[in-house]
Amino acid sequence: QVQLVESGGGSVQAGGSLRLSCAASGRTFSRYIIAWFRQAPGKEREFVTAINGNGGSTYYANSVKGRFTISRDNAKNTMYLQANNLKPEDTAVYYCAATDRITIVSRVAASPVLYDYWGQGTQVTVAS
């Protein structure tokens, strides 16, 4: 079992930055691939990025590549999303999710059905 709690959301102007955190419970955090998804009002949940268990491999959606950076600190059971150069279209509720169904971060990791554990979400609002 893994419990996830996001924090760090807020409101920023376009071009600004935010750092989201995802704190996990459990002693086996490093065995899980952790991902960020987001969901804007009236839209489906969208994959943002994922990171493998040791933090050595990452995968990004094209829409955030070069602007967002995912990282993790397994000693602190925490994963981070550094979001820079934010755009109004980045406005959404951001969720972290965990899975041990896969071990390799690739396009496959973008499917939300693979993730068994989800946080409650944190709102990110980007004003133009």
# chains A, B, ... in the order shown; residues from 1 in each chain; ligands from 1
>>> select_by_dssp(residues="chain A", states="helix (DSSP H, G or I)", output="list of chain:residue names")
A:Phe29, A:Ser30, A:Arg31, A:Asn74, A:Ala75, A:Lys76, A:Pro88, A:Glu89, A:Asp90, A:Arg107, A:Val108, A:Ala109, A:Ala110, A:Pro112, A:Val113, A:Leu114
>>> select_by_dssp(residues="chain A", states="strand (DSSP E)", output="VMD selection string")
chain A and resid 4 to 7 10 to 13 18 to 24 33 to 39 46 to 51 58 to 60 68 to 73 78 to 83 92 to 99 117 to 118 122 to 127
>>> closest_residue(among="A:Ser21, A:Thr103, A:Ser7, A:Gln123", to="Gln82 of chain A", atoms="only C-alpha atoms")
A:Ser21
>>> residues_around(residues="segment 111-113 of chain A", least_positions_apart="3", cutoff="9 Å", atoms="only C-alpha atoms", output="CSV table (one decimal) with N, CA and C atoms, in the first residue's frame")
chain,number,residue,atom,x,y,z
A,37,PHE,N,0.0,13.3,-13.4
A,37,PHE,CA,-1.1,13.5,-14.3
A,37,PHE,C,-1.7,14.8,-14.0
A,45,ARG,N,-8.2,13.1,-17.9
A,45,ARG,CA,-6.9,13.2,-17.2
A,45,ARG,C,-5.8,12.9,-18.2
A,46,GLU,N,-4.7,13.7,-18.1
A,46,GLU,CA,-3.6,13.8,-19.1
A,46,GLU,C,-2.3,13.5,-18.4
A,47,PHE,N,-1.5,12.6,-19.0
A,47,PHE,CA,-0.2,12.3,-18.5
A,47,PHE,C,0.7,13.5,-18.7
A,97,ALA,N,0.8,9.7,-8.9
A,97,ALA,CA,0.3,8.4,-9.0
A,97,ALA,C,1.5,7.4,-8.9
A,107,ARG,N,6.6,5.2,-23.1
A,107,ARG,CA,5.3,5.6,-23.5
A,107,ARG,C,4.2,4.8,-22.7
A,108,VAL,N,4.5,3.6,-22.4
A,108,VAL,CA,3.5,2.7,-21.6
A,108,VAL,C,3.1,3.4,-20.3
A,116,ASP,N,-2.2,2.3,-9.5
A,116,ASP,CA,-3.1,1.8,-8.5
A,116,ASP,C,-3.3,2.8,-7.3
>>> residues_around(residues="Ser30 of chain A", least_positions_apart="4", cutoff="7 Å", atoms="only C-alpha atoms", output="count of residues only")
3
>>> residues_around(residues="Leu18 of chain A", least_positions_apart="2", cutoff="10 Å", atoms="only C-alpha atoms", output="ChimeraX atom specification")
/A:8-12,16,20-21,68,81-86,124
>>> closest_residue(among="A:Ala127, A:Arg38, A:Tyr32, A:Gly15", to="Pro88 of chain A", atoms="only C-alpha atoms")
A:Ala127
>>> closest_residue(among="A:Cys22, A:Thr99, A:Pro41, A:Arg27", to="Ile70 of chain A", atoms="only C-alpha atoms")
A:Cys22
>>> closest_residue(among="A:Val93, A:Val126, A:Ala109, A:Ile104", to="Arg31 of chain A", atoms="only C-alpha atoms")
A:Ile104
>>> closest_residue(among="A:Thr91, A:Gln3, A:Asn62, A:Ser71", to="Ser25 of chain A", atoms="only C-alpha atoms")
A:Gln3
>>> atom_distance(atom1="atom CA of Ile33 of chain A", atom2="atom CA of Thr78 of chain A")
12.2 Å
>>> residues_around(residues="Gly26 of chain A", least_positions_apart="4", cutoff="9 Å", atoms="only C-alpha atoms", output="count of residues only")
4
>>> atom_distance(atom1="atom CA of Ser106 of chain A", atom2="atom CA of Trp118 of chain A")
19.4 Å
>>> residues_around(residues="segment 63-65 of chain A", least_positions_apart="5", cutoff="9 Å", atoms="only C-alpha atoms", output="mmCIF file with C-alpha atoms, in the first residue's frame")
data_model
loop_
_atom_site.group_PDB
_atom_site.id
_atom_site.type_symbol
_atom_site.label_atom_id
_atom_site.label_comp_id
_atom_site.auth_asym_id
_atom_site.auth_seq_id
_atom_site.Cartn_x
_atom_site.Cartn_y
_atom_site.Cartn_z
ATOM 1 C CA VAL A 48 2.531 14.773 -17.663
ATOM 2 C CA THR A 49 5.684 12.861 -16.701
ATOM 3 C CA ALA A 83 7.297 23.448 -13.498
ATOM 4 C CA ASP A 90 -1.071 24.185 -17.815
#
>>> atom_distance(atom1="atom CA of Ala23 of chain A", atom2="atom CA of Tyr94 of chain A")
13.7 Å
>>> closest_residue(among="A:Gln13, A:Gly56, A:Tyr80, A:Gly121", to="Tyr95 of chain A", atoms="only C-alpha atoms")
A:Gly121
>>> decode(residues="segment 1-120 of chain A", atoms="C-alpha atoms", output="short mmCIF file (atom, residue, chain, number, x, y, z; two decimals), in the first residue's frame")
data_model
loop_
_atom_site.label_atom_id
_atom_site.label_comp_id
_atom_site.auth_asym_id
_atom_site.auth_seq_id
_atom_site.Cartn_x
_atom_site.Cartn_y
_atom_site.Cartn_z
CA GLN A 1 0.00 0.00 0.00
CA VAL A 2 1.15 3.49 -0.85
CA GLN A 3 -0.51 6.72 0.19
CA LEU A 4 0.31 9.86 -1.76
CA VAL A 5 -0.15 13.49 -0.75
CA GLU A 6 0.51 16.36 -3.15
CA SER A 7 1.40 19.90 -2.19
CA GLY A 8 2.83 23.04 -3.74
CA GLY A 9 0.05 24.07 -6.09
CA GLY A 10 -1.07 27.66 -6.41
CA SER A 11 -1.72 30.57 -8.73
CA VAL A 12 0.99 32.15 -10.86
CA GLN A 13 1.30 34.43 -13.84
CA ALA A 14 2.25 33.01 -17.22
CA GLY A 15 5.99 32.49 -17.36
CA GLY A 16 6.18 31.78 -13.65
CA SER A 17 7.27 28.64 -11.83
CA LEU A 18 5.94 26.24 -9.23
CA ARG A 19 7.41 23.24 -7.46
CA LEU A 20 4.97 20.48 -6.68
CA SER A 21 5.74 17.77 -4.15
CA CYS A 22 4.31 14.31 -3.70
CA ALA A 23 4.96 12.69 -0.33
CA ALA A 24 4.50 8.94 -0.07
CA SER A 25 3.99 6.61 2.83
CA GLY A 26 5.48 3.13 2.99
CA ARG A 27 8.97 1.72 3.18
CA THR A 28 9.13 0.47 -0.41
CA PHE A 29 8.77 3.79 -2.21
CA SER A 30 11.75 3.05 -4.45
CA ARG A 31 10.04 0.07 -6.08
CA TYR A 32 7.35 2.26 -7.62
CA ILE A 33 7.27 4.23 -10.81
CA ILE A 34 5.80 7.60 -9.87
CA ALA A 35 4.00 9.84 -12.33
CA TRP A 36 2.23 13.17 -12.55
CA PHE A 37 -1.07 13.49 -14.33
CA ARG A 38 -3.28 16.54 -14.65
CA GLN A 39 -6.91 17.20 -15.35
CA ALA A 40 -8.41 20.45 -16.52
CA PRO A 41 -12.15 21.17 -16.19
CA GLY A 42 -14.14 19.31 -18.82
CA LYS A 43 -11.10 17.38 -20.05
CA GLU A 44 -9.76 13.88 -19.56
CA ARG A 45 -6.89 13.15 -17.21
CA GLU A 46 -3.64 13.78 -19.06
CA PHE A 47 -0.21 12.28 -18.51
CA VAL A 48 2.53 14.77 -17.66
CA THR A 49 5.68 12.86 -16.70
CA ALA A 50 6.97 9.75 -14.93
CA ILE A 51 10.15 8.63 -13.19
CA ASN A 52 11.47 5.16 -12.45
CA GLY A 53 12.31 3.74 -9.05
CA ASN A 54 15.90 4.93 -8.75
CA GLY A 55 15.29 8.25 -10.49
CA GLY A 56 17.58 7.42 -13.38
CA SER A 57 14.96 7.35 -16.10
CA THR A 58 12.22 9.82 -16.93
CA TYR A 59 9.57 10.31 -19.59
CA TYR A 60 7.70 13.50 -20.47
CA ALA A 61 4.65 14.47 -22.44
CA ASN A 62 5.60 16.62 -25.42
CA SER A 63 3.51 19.47 -24.04
CA VAL A 64 5.80 19.91 -21.02
CA LYS A 65 9.15 18.69 -22.32
CA GLY A 66 11.86 21.28 -21.68
CA ARG A 67 9.71 23.18 -19.15
CA PHE A 68 8.95 20.59 -16.45
CA THR A 69 11.42 18.41 -14.53
CA ILE A 70 10.53 15.40 -12.43
CA SER A 71 12.79 14.12 -9.68
CA ARG A 72 12.59 12.00 -6.55
CA ASP A 73 14.32 11.61 -3.22
CA ASN A 74 13.77 8.06 -2.05
CA ALA A 75 15.36 8.78 1.33
CA LYS A 76 12.55 11.27 1.94
CA ASN A 77 9.84 9.26 0.15
CA THR A 78 9.12 12.34 -1.91
CA MET A 79 8.82 13.13 -5.59
CA TYR A 80 8.96 16.59 -7.12
CA LEU A 81 7.74 18.37 -10.21
CA GLN A 82 9.53 21.58 -11.07
CA ALA A 83 7.30 23.45 -13.50
CA ASN A 84 8.89 26.42 -15.25
CA ASN A 85 7.67 28.82 -17.92
CA LEU A 86 4.08 27.97 -17.03
CA LYS A 87 1.37 28.64 -19.57
CA PRO A 88 -2.38 29.18 -19.10
CA GLU A 89 -2.96 25.78 -20.72
CA ASP A 90 -1.07 24.18 -17.82
CA THR A 91 -3.97 25.11 -15.54
CA ALA A 92 -5.34 21.90 -14.03
CA VAL A 93 -5.52 19.76 -10.94
CA TYR A 94 -2.23 17.87 -10.74
CA TYR A 95 -2.19 14.34 -9.36
CA CYS A 96 0.70 12.09 -8.47
CA ALA A 97 0.29 8.37 -8.96
CA ALA A 98 2.28 5.22 -8.26
CA THR A 99 2.54 1.84 -9.90
CA ASP A 100 4.62 -1.31 -9.55
CA ARG A 101 2.94 -2.97 -12.57
CA ILE A 102 5.76 -1.76 -14.80
CA THR A 103 9.45 -1.16 -14.16
CA ILE A 104 10.52 0.72 -17.28
CA VAL A 105 9.54 4.31 -17.93
CA SER A 106 8.36 4.69 -21.51
CA ARG A 107 5.27 5.59 -23.48
CA VAL A 108 3.52 2.74 -21.65
CA ALA A 109 3.87 4.66 -18.38
CA ALA A 110 1.51 7.31 -19.73
CA SER A 111 -1.55 5.11 -19.29
CA PRO A 112 -3.48 6.01 -16.12
CA VAL A 113 -5.01 2.54 -15.89
CA LEU A 114 -1.63 1.17 -14.80
CA TYR A 115 -1.59 3.23 -11.61
CA ASP A 116 -3.12 1.79 -8.46
CA TYR A 117 -2.36 4.63 -6.08
CA TRP A 118 -3.36 8.27 -6.47
CA GLY A 119 -3.09 11.41 -4.44
CA GLN A 120 -5.95 13.83 -3.87
#
